[in-house]
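K.L.:
So that we are looking at the same thing, I have put the structure below in structure tokens.
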Number of protein chains: 2
Amino acid sequence: MKKFIDTPETLLETSLQGYAHAHADILTLHTQPLFISRNTKKPGKVALISGGGSGHEPLHSGFVGYGMLDAACPGQVFTSPTPDQMLSAAQAVDNGAGVLFIVKNYAGDVMNFEMAAEMLEIANASVLVNDDIALPKTHSIGRRGVAGTLIVEKIVGAAAEAGLDLAACQALGERVNQATASIGVALSSCTVPALGHPTFNLAEDEMELGVGIHGEHGRETIKLQSASQISQLLAHSLEQELQPQPGQQVLLHVNGFGATPLIELHLLYQLAWQYWQQRGVKVVRSLVGNYTTSLDMAGASITLTLLDEELLKYWDAPVNTAALRWGC
Amino acid sequence: MKKFIDTPETLLETSLQGYAHAHADILTLHTQPLFISRNTKKPGKVALISGGGSGHEPLHSGFVGYGMLDAACPGQVFTSPTPDQMLSAAQAVDNGAGVLFIVKNYAGDVMNFEMAAEMLEIANASVLVNDDIALPKTHSIGRRGVAGTLIVEKIVGAAAEAGLDLAACQALGERVNQATASIGVALSSCTVPALGHPTFNLAEDEMELGVGIHGEHGRETIKLQSASQISQLLAHSLEQELQPQPGQQVLLHVNGFGATPLIELHLLYQLAWQYWQQRGVKVVRSLVGNYTTSLDMAGASITLTLLDEELLKYWDAPVNTAALRWGC
């Protein structure tokens, strides 16, 4: 295993200490239990809390700050945080208007966020994100939450900042989730530090289609294709799912899984952009970069969100976090 | 070669088209010759132009915008841009106050920027960046320009925005370069698309110390060490070079080479932060992420800049580019 690491046991907390030092103007690290909270509170604002296993950075810790999350609860690598983390975070960041949990659809996350919600003596609600269309809608445990999560967090974060109440924030989050679909492809697996070797192997001429963000196998292993073929394949799946009509405004998010350089991500973005351009679908907002990662996995996902004026307004609203920042 | 790519010949321009579409609010792509220019001109402001081989994204294209570069000239992967690119860029972005070229110290870049400077009928000056301390100061072709380049671009960009004239911008750039040192380590080589295989090989228990950003071998191949040992090694080299005294304010920049995830970069940052903390050196500003990359190389560099009030003021000044954005 070639990583910058001392031991798998100390990686997360030391890394979070570094993260907190580098962004001390925006956020604070709490260690018992582990969570990150935004420095500035705003009385009367719905508090947004997300979390999940680590190894997906900048998701979620990178999105704590004005206009997005009030707190993030990081679990160990690819492991759900425990309910005490969400409970303590909620008590710390509650502004008197209730707490909205934004949860990616994985069994462990769902269970632990539900336990926290039941124990919490503050009004709360949840949004479940399940944007990954690699699995059918009818899959027994449902679809996974992947790169669309940050779009839910950004848009609902802006709405909470604008004063929407808990029920309205929850409804908006569910609406963004419905309007969002993602699908990814991997060129390599990732290496979980505690495991020490890649979680699956691909031959030099293979890639993994419909891959998740936890080093698990995807929907199928297929022959390596050109960037044009890959972008067509992914965009076509998104088109079938969301069925954007000509004239529809969309947000196009090309996300790297951690080890894919920007020059390749911008190439994929351009090819996907052309796909929508040819169909009269209007790419009016874009996000390209490594945002929802899977440690050192090489690969990328494409996410599409169908926008309307309300979603566009909240996407454009000011945000001041480590990983997304504009208008502030 | 596992990359998102159609052909090595089309990678750069298609990727740049994607980049320009994704950031059309900030910049414009010109194709004959190839350069990227900032959308908003400011009469009377010194124009800053940088450039170099591609494969280091977001450097330099990601730093075009308010408060930083007026134009960037991308060459093919790891290949200098040609003088006509810098000439056309200079003519396009000149605001009547002259042009400052910011050039990384590589023979091809230096030669081509010099040729452009000689042909250009607009007042111009250059800053040569050579922050990489892997090579001795006395090396025949001098030290290379690496991750410190963006610090020169940010600080001089803010100074130009504030109205400093050409000579003052040049002097400031040279001062930042003198106050800045970098050193890097690689865990893997990178694969240049036109070559199709890694440019050097490392065993599973080896790393490359003092590595550059063009897939060349570093100063030496050494045994893989822990993150604590690596950060000590790099920080000690920076300390010997810059000799920061207790109480000195510094900017600490941990840069990933493209394939290293944030969780590892923040770990390295924390370990370096502790190193300076123990010596009474004050890390007052930080930057952690993949900024000056070498395609898909796994590795990281640490850059230290000794700050004074003027440098701090310009570092903090508003910037609005794709890769660095604050205060706007």
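The chains in the structure tokens are called A, B, ... from first to last as shown; in each chain the residues are counted from 1, and the ligands are counted from 1 in the order shown.
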Check the DSSP output for the backbone and give back, as JSON, numbers by chain, the residues of region 25-204 of chain B in helix (DSSP H, G or I).
P.N.:
{"B": [61, 62, 63, 83, 84, 85, 86, 87, 88, 89, 90, 91, 92, 93, 107, 108, 109, 110, 111, 112, 113, 114, 115, 116, 117, 118, 119, 149, 150, 151, 152, 153, 154, 155, 156, 157, 158, 159, 160, 161, 166, 167, 168, 169, 170, 171, 172, 173, 174, 175, 176, 177, 178]}
K.L.:
Write out, as a PDB file, in the first residue's frame, the residues just selected, with C-alpha atoms.
P.N.:
```pdb
ATOM      1  CA  SER B  61      -5.577  28.028 -16.579  1.00  0.00           C
ATOM      2  CA  GLY B  62      -7.356  27.631 -13.248  1.00  0.00           C
ATOM      3  CA  PHE B  63      -5.831  30.898 -12.031  1.00  0.00           C
ATOM      4  CA  PRO B  83       6.017  32.487 -28.506  1.00  0.00           C
ATOM      5  CA  ASP B  84       3.012  33.254 -30.756  1.00  0.00           C
ATOM      6  CA  GLN B  85       0.729  32.169 -27.910  1.00  0.00           C
ATOM      7  CA  MET B  86       2.289  34.614 -25.463  1.00  0.00           C
ATOM      8  CA  LEU B  87       2.360  37.369 -28.108  1.00  0.00           C
ATOM      9  CA  SER B  88      -1.323  37.004 -28.955  1.00  0.00           C
ATOM     10  CA  ALA B  89      -2.264  36.719 -25.296  1.00  0.00           C
ATOM     11  CA  ALA B  90      -0.302  39.886 -24.484  1.00  0.00           C
ATOM     12  CA  GLN B  91      -1.955  41.823 -27.279  1.00  0.00           C
ATOM     13  CA  ALA B  92      -5.373  40.651 -26.142  1.00  0.00           C
ATOM     14  CA  VAL B  93      -5.076  41.411 -22.424  1.00  0.00           C
ATOM     15  CA  ALA B 107      14.730  25.856 -20.525  1.00  0.00           C
ATOM     16  CA  GLY B 108      11.899  25.676 -23.076  1.00  0.00           C
ATOM     17  CA  ASP B 109       9.595  28.003 -21.186  1.00  0.00           C
ATOM     18  CA  VAL B 110      12.359  30.521 -20.540  1.00  0.00           C
ATOM     19  CA  MET B 111      13.406  30.547 -24.214  1.00  0.00           C
ATOM     20  CA  ASN B 112       9.901  30.887 -25.588  1.00  0.00           C
ATOM     21  CA  PHE B 113       8.798  33.549 -23.143  1.00  0.00           C
ATOM     22  CA  GLU B 114      12.017  35.478 -23.905  1.00  0.00           C
ATOM     23  CA  MET B 115      11.324  35.305 -27.624  1.00  0.00           C
ATOM     24  CA  ALA B 116       7.798  36.578 -27.059  1.00  0.00           C
ATOM     25  CA  ALA B 117       9.110  39.377 -24.849  1.00  0.00           C
ATOM     26  CA  GLU B 118      11.571  40.476 -27.522  1.00  0.00           C
ATOM     27  CA  MET B 119       8.948  40.536 -30.264  1.00  0.00           C
ATOM     28  CA  THR B 149       4.342  29.588  -8.785  1.00  0.00           C
ATOM     29  CA  LEU B 150       0.717  29.981  -7.793  1.00  0.00           C
ATOM     30  CA  ILE B 151       1.756  31.949  -4.721  1.00  0.00           C
ATOM     31  CA  VAL B 152       3.677  34.383  -6.935  1.00  0.00           C
ATOM     32  CA  GLU B 153       0.662  34.600  -9.257  1.00  0.00           C
ATOM     33  CA  LYS B 154      -1.786  35.209  -6.406  1.00  0.00           C
ATOM     34  CA  ILE B 155       0.236  37.869  -4.617  1.00  0.00           C
ATOM     35  CA  VAL B 156       1.364  39.758  -7.719  1.00  0.00           C
ATOM     36  CA  GLY B 157      -2.148  39.403  -9.172  1.00  0.00           C
ATOM     37  CA  ALA B 158      -3.569  41.214  -6.167  1.00  0.00           C
ATOM     38  CA  ALA B 159      -0.881  43.881  -6.388  1.00  0.00           C
ATOM     39  CA  ALA B 160      -1.636  44.498 -10.063  1.00  0.00           C
ATOM     40  CA  GLU B 161      -5.320  44.758  -9.207  1.00  0.00           C
ATOM     41  CA  LEU B 166       5.035  47.066 -13.954  1.00  0.00           C
ATOM     42  CA  ALA B 167       8.357  47.559 -12.184  1.00  0.00           C
ATOM     43  CA  ALA B 168       6.741  47.264  -8.759  1.00  0.00           C
ATOM     44  CA  CYS B 169       4.863  44.096  -9.769  1.00  0.00           C
ATOM     45  CA  GLN B 170       8.078  42.564 -11.084  1.00  0.00           C
ATOM     46  CA  ALA B 171       9.992  43.448  -7.915  1.00  0.00           C
ATOM     47  CA  LEU B 172       7.211  42.041  -5.756  1.00  0.00           C
ATOM     48  CA  GLY B 173       7.154  38.812  -7.780  1.00  0.00           C
ATOM     49  CA  GLU B 174      10.872  38.381  -7.305  1.00  0.00           C
ATOM     50  CA  ARG B 175      10.496  39.045  -3.602  1.00  0.00           C
ATOM     51  CA  VAL B 176       7.767  36.368  -3.274  1.00  0.00           C
ATOM     52  CA  ASN B 177       9.910  33.907  -5.221  1.00  0.00           C
ATOM     53  CA  GLN B 178      12.834  34.551  -2.872  1.00  0.00           C
TER      54      GLN B 178
END
```
K.L.:
May I ask you to extract the residues of chain B within 8 Å of chain A, using only C-alpha atoms, and to give them as a ChimeraX atom specification?
P.N.:
/B:1-6,11-12,14-19,21-23,55,57-58,187,204-205,224,226-228,258-271,273,285-288,295-296,298,325-328
K.L.:
Include N, CA and C atoms and write out the residues we just selected as a compact mmCIF listing (two decimals), in the first residue's frame.
P.N.:
```txt
# COMPACT_ATOMS: atom_id res chain seq x y z
N MET B 1 -2.36 1.99 -20.88
CA MET B 1 -2.66 3.32 -20.31
C MET B 1 -4.14 3.42 -20.01
N LYS B 2 -4.49 3.60 -18.72
CA LYS B 2 -5.90 3.75 -18.36
C LYS B 2 -6.19 5.21 -18.04
N LYS B 3 -6.80 5.86 -19.01
CA LYS B 3 -7.14 7.26 -18.85
C LYS B 3 -8.48 7.52 -19.53
N PHE B 4 -9.16 8.58 -19.13
CA PHE B 4 -10.28 9.07 -19.91
C PHE B 4 -9.68 9.90 -21.05
N ILE B 5 -9.67 9.33 -22.25
CA ILE B 5 -8.99 9.98 -23.35
C ILE B 5 -9.53 9.41 -24.65
N ASP B 6 -9.61 10.24 -25.69
CA ASP B 6 -9.86 9.70 -27.03
C ASP B 6 -8.52 9.44 -27.70
N LEU B 11 -6.62 15.49 -26.76
CA LEU B 11 -6.88 15.65 -25.32
C LEU B 11 -6.88 17.12 -24.89
N LEU B 12 -5.79 17.83 -25.20
CA LEU B 12 -5.63 19.17 -24.65
C LEU B 12 -6.73 20.12 -25.10
N THR B 14 -9.70 19.61 -26.48
CA THR B 14 -11.07 19.26 -26.05
C THR B 14 -11.24 19.53 -24.56
N SER B 15 -10.22 19.20 -23.78
CA SER B 15 -10.28 19.46 -22.35
C SER B 15 -10.40 20.96 -22.07
N LEU B 16 -9.63 21.76 -22.81
CA LEU B 16 -9.71 23.22 -22.63
C LEU B 16 -11.08 23.76 -23.03
N GLN B 17 -11.68 23.18 -24.07
CA GLN B 17 -13.04 23.59 -24.44
C GLN B 17 -14.00 23.33 -23.28
N GLY B 18 -13.86 22.16 -22.67
CA GLY B 18 -14.70 21.84 -21.51
C GLY B 18 -14.45 22.82 -20.37
N TYR B 19 -13.18 23.10 -20.13
CA TYR B 19 -12.84 24.04 -19.06
C TYR B 19 -13.45 25.41 -19.32
N HIS B 21 -16.10 26.11 -21.20
CA HIS B 21 -17.55 26.06 -21.05
C HIS B 21 -17.96 26.07 -19.59
N ALA B 22 -17.20 25.35 -18.78
CA ALA B 22 -17.55 25.24 -17.35
C ALA B 22 -17.32 26.56 -16.60
N HIS B 23 -16.49 27.43 -17.18
CA HIS B 23 -16.15 28.69 -16.49
C HIS B 23 -16.31 29.89 -17.41
N GLY B 55 -0.93 19.53 -18.21
CA GLY B 55 -0.76 18.37 -17.35
C GLY B 55 -0.54 18.77 -15.89
N GLU B 57 -2.75 20.97 -14.34
CA GLU B 57 -4.00 21.64 -13.97
C GLU B 57 -4.35 21.44 -12.49
N PRO B 58 -4.89 22.46 -11.82
CA PRO B 58 -5.40 23.71 -12.37
C PRO B 58 -4.34 24.74 -12.79
N LEU B 187 5.01 8.96 -4.94
CA LEU B 187 4.81 7.54 -4.64
C LEU B 187 4.66 6.73 -5.94
N GLU B 204 7.22 -1.26 -4.84
CA GLU B 204 6.15 -1.07 -3.85
C GLU B 204 6.65 -0.43 -2.55
N ASP B 205 7.96 -0.58 -2.29
CA ASP B 205 8.50 -0.03 -1.04
C ASP B 205 9.42 1.15 -1.31
N LEU B 224 10.23 3.75 1.09
CA LEU B 224 8.96 4.34 1.50
C LEU B 224 8.98 4.59 3.01
N SER B 226 6.97 6.63 6.57
CA SER B 226 5.66 7.01 7.10
C SER B 226 5.40 8.48 6.78
N ALA B 227 4.13 8.86 6.87
CA ALA B 227 3.77 10.26 6.61
C ALA B 227 4.51 11.20 7.56
N SER B 228 4.68 10.78 8.81
CA SER B 228 5.41 11.62 9.78
C SER B 228 6.86 11.81 9.35
N GLY B 258 -1.83 15.10 -8.14
CA GLY B 258 -2.90 14.73 -9.06
C GLY B 258 -3.68 13.50 -8.64
N ALA B 259 -2.99 12.50 -8.09
CA ALA B 259 -3.67 11.25 -7.76
C ALA B 259 -3.71 11.00 -6.26
N THR B 260 -3.36 12.01 -5.47
CA THR B 260 -3.33 11.84 -4.02
C THR B 260 -4.57 12.46 -3.40
N PRO B 261 -5.35 11.66 -2.67
CA PRO B 261 -6.61 12.18 -2.13
C PRO B 261 -6.41 13.17 -0.99
N LEU B 262 -7.45 13.97 -0.78
CA LEU B 262 -7.41 15.02 0.24
C LEU B 262 -7.15 14.48 1.63
N ILE B 263 -7.67 13.30 1.95
CA ILE B 263 -7.50 12.78 3.31
C ILE B 263 -6.00 12.62 3.63
N GLU B 264 -5.20 12.25 2.61
CA GLU B 264 -3.75 12.12 2.81
C GLU B 264 -3.07 13.50 2.83
N LEU B 265 -3.55 14.42 1.98
CA LEU B 265 -2.94 15.75 1.96
C LEU B 265 -3.17 16.49 3.28
N HIS B 266 -4.37 16.33 3.85
CA HIS B 266 -4.62 16.99 5.13
C HIS B 266 -3.82 16.35 6.26
N LEU B 267 -3.56 15.05 6.14
CA LEU B 267 -2.68 14.39 7.12
C LEU B 267 -1.28 14.99 7.03
N LEU B 268 -0.72 15.07 5.83
CA LEU B 268 0.61 15.67 5.65
C LEU B 268 0.64 17.11 6.16
N TYR B 269 -0.43 17.84 5.86
CA TYR B 269 -0.52 19.23 6.31
C TYR B 269 -0.42 19.31 7.83
N GLN B 270 -1.20 18.45 8.51
CA GLN B 270 -1.21 18.49 9.98
C GLN B 270 0.18 18.19 10.54
N LEU B 271 0.87 17.23 9.95
CA LEU B 271 2.21 16.85 10.43
C LEU B 271 3.21 17.99 10.18
N TRP B 273 2.34 21.14 9.92
CA TRP B 273 1.88 22.21 10.82
C TRP B 273 2.50 22.02 12.21
N ARG B 285 -1.48 31.24 7.23
CA ARG B 285 -2.31 30.99 6.05
C ARG B 285 -1.98 29.61 5.50
N SER B 286 -2.97 28.97 4.88
CA SER B 286 -2.82 27.58 4.43
C SER B 286 -3.50 27.38 3.09
N LEU B 287 -2.96 26.42 2.36
CA LEU B 287 -3.61 25.99 1.13
C LEU B 287 -3.29 24.50 0.97
N VAL B 288 -4.34 23.69 0.90
CA VAL B 288 -4.16 22.24 0.81
C VAL B 288 -5.01 21.71 -0.35
N LEU B 295 -0.10 15.32 -14.02
CA LEU B 295 -1.06 14.34 -14.55
C LEU B 295 -1.58 13.45 -13.42
N ASP B 296 -1.32 12.15 -13.52
CA ASP B 296 -1.87 11.20 -12.54
C ASP B 296 -0.81 10.70 -11.57
N ALA B 298 0.98 10.11 -8.15
CA ALA B 298 0.67 10.12 -6.72
C ALA B 298 1.86 10.73 -6.00
N ARG B 325 -10.67 31.00 -5.05
CA ARG B 325 -11.75 32.00 -5.01
C ARG B 325 -12.04 32.38 -3.57
N TRP B 326 -11.86 33.63 -3.26
CA TRP B 326 -12.34 34.12 -1.97
C TRP B 326 -12.53 35.63 -2.02
N GLY B 327 -13.38 36.11 -1.14
CA GLY B 327 -13.57 37.55 -1.00
C GLY B 327 -14.32 38.20 -2.14
N CYS B 328 -14.76 37.43 -3.12
CA CYS B 328 -15.46 38.02 -4.28
C CYS B 328 -16.95 37.65 -4.21
```
K.L.:
Give me, please, the distance in Å between CA of Leu135 (chain B) and CA of Val211 (chain B), quoted to one decimal.
P.N.:
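Answer for the CA of Leu135 (chain B) to CA of Val211 (chain B) separation: 9.7 Å.
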K.L.:
Would you give me, as a PDB file with N, CA, C and O atoms, in the first residue's frame, the residues in region 250-281 of chain B that DSSP reads as strand (DSSP E or B)?
P.N.:
```
ATOM      1  N   VAL B 250       4.098  32.458   8.314  1.00  0.00           N
ATOM      2  CA  VAL B 250       4.303  31.750   7.048  1.00  0.00           C
ATOM      3  C   VAL B 250       2.972  31.295   6.448  1.00  0.00           C
ATOM      4  O   VAL B 250       1.967  31.139   7.146  1.00  0.00           O
ATOM      5  N   LEU B 251       3.036  31.082   5.131  1.00  0.00           N
ATOM      6  CA  LEU B 251       1.974  30.411   4.390  1.00  0.00           C
ATOM      7  C   LEU B 251       2.444  28.984   4.145  1.00  0.00           C
ATOM      8  O   LEU B 251       3.547  28.775   3.624  1.00  0.00           O
ATOM      9  N   LEU B 252       1.637  28.004   4.540  1.00  0.00           N
ATOM     10  CA  LEU B 252       1.981  26.586   4.357  1.00  0.00           C
ATOM     11  C   LEU B 252       1.062  25.996   3.289  1.00  0.00           C
ATOM     12  O   LEU B 252      -0.157  25.970   3.462  1.00  0.00           O
ATOM     13  N   HIS B 253       1.678  25.559   2.209  1.00  0.00           N
ATOM     14  CA  HIS B 253       0.903  25.013   1.082  1.00  0.00           C
ATOM     15  C   HIS B 253       1.293  23.549   0.882  1.00  0.00           C
ATOM     16  O   HIS B 253       2.438  23.248   0.568  1.00  0.00           O
ATOM     17  N   VAL B 254       0.318  22.657   1.103  1.00  0.00           N
ATOM     18  CA  VAL B 254       0.536  21.243   0.799  1.00  0.00           C
ATOM     19  C   VAL B 254      -0.182  20.951  -0.510  1.00  0.00           C
ATOM     20  O   VAL B 254      -1.403  21.125  -0.616  1.00  0.00           O
ATOM     21  N   ASN B 255       0.593  20.548  -1.494  1.00  0.00           N
ATOM     22  CA  ASN B 255       0.088  20.376  -2.854  1.00  0.00           C
ATOM     23  C   ASN B 255       0.122  18.906  -3.258  1.00  0.00           C
ATOM     24  O   ASN B 255       1.135  18.232  -3.095  1.00  0.00           O
ATOM     25  N   GLY B 256      -0.976  18.421  -3.802  1.00  0.00           N
ATOM     26  CA  GLY B 256      -1.001  17.067  -4.339  1.00  0.00           C
ATOM     27  C   GLY B 256      -0.627  17.073  -5.808  1.00  0.00           C
ATOM     28  O   GLY B 256      -0.883  18.032  -6.527  1.00  0.00           O
ATOM     29  N   GLY B 258      -1.831  15.102  -8.139  1.00  0.00           N
ATOM     30  CA  GLY B 258      -2.899  14.728  -9.064  1.00  0.00           C
ATOM     31  C   GLY B 258      -3.680  13.502  -8.640  1.00  0.00           C
ATOM     32  O   GLY B 258      -4.894  13.443  -8.814  1.00  0.00           O
TER      33      GLY B 258
END
```
K.L.:
May I ask for the distance between CA of Ala179 (chain A) and CA of Glu241 (chain A), given in Å to one decimal place?
P.N.:
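CA of Glu241 (chain A) lies 9.8 Å from CA of Ala179 (chain A).
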K.L.:
Enter the distance from CA of Leu48 (chain A) to CA of Val99 (chain A), in Å, rounded to one decimal.
P.N.:
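Computing the Euclidean distance for CA of Leu48 (chain A) and CA of Val99 (chain A) yields 5.9 Å.
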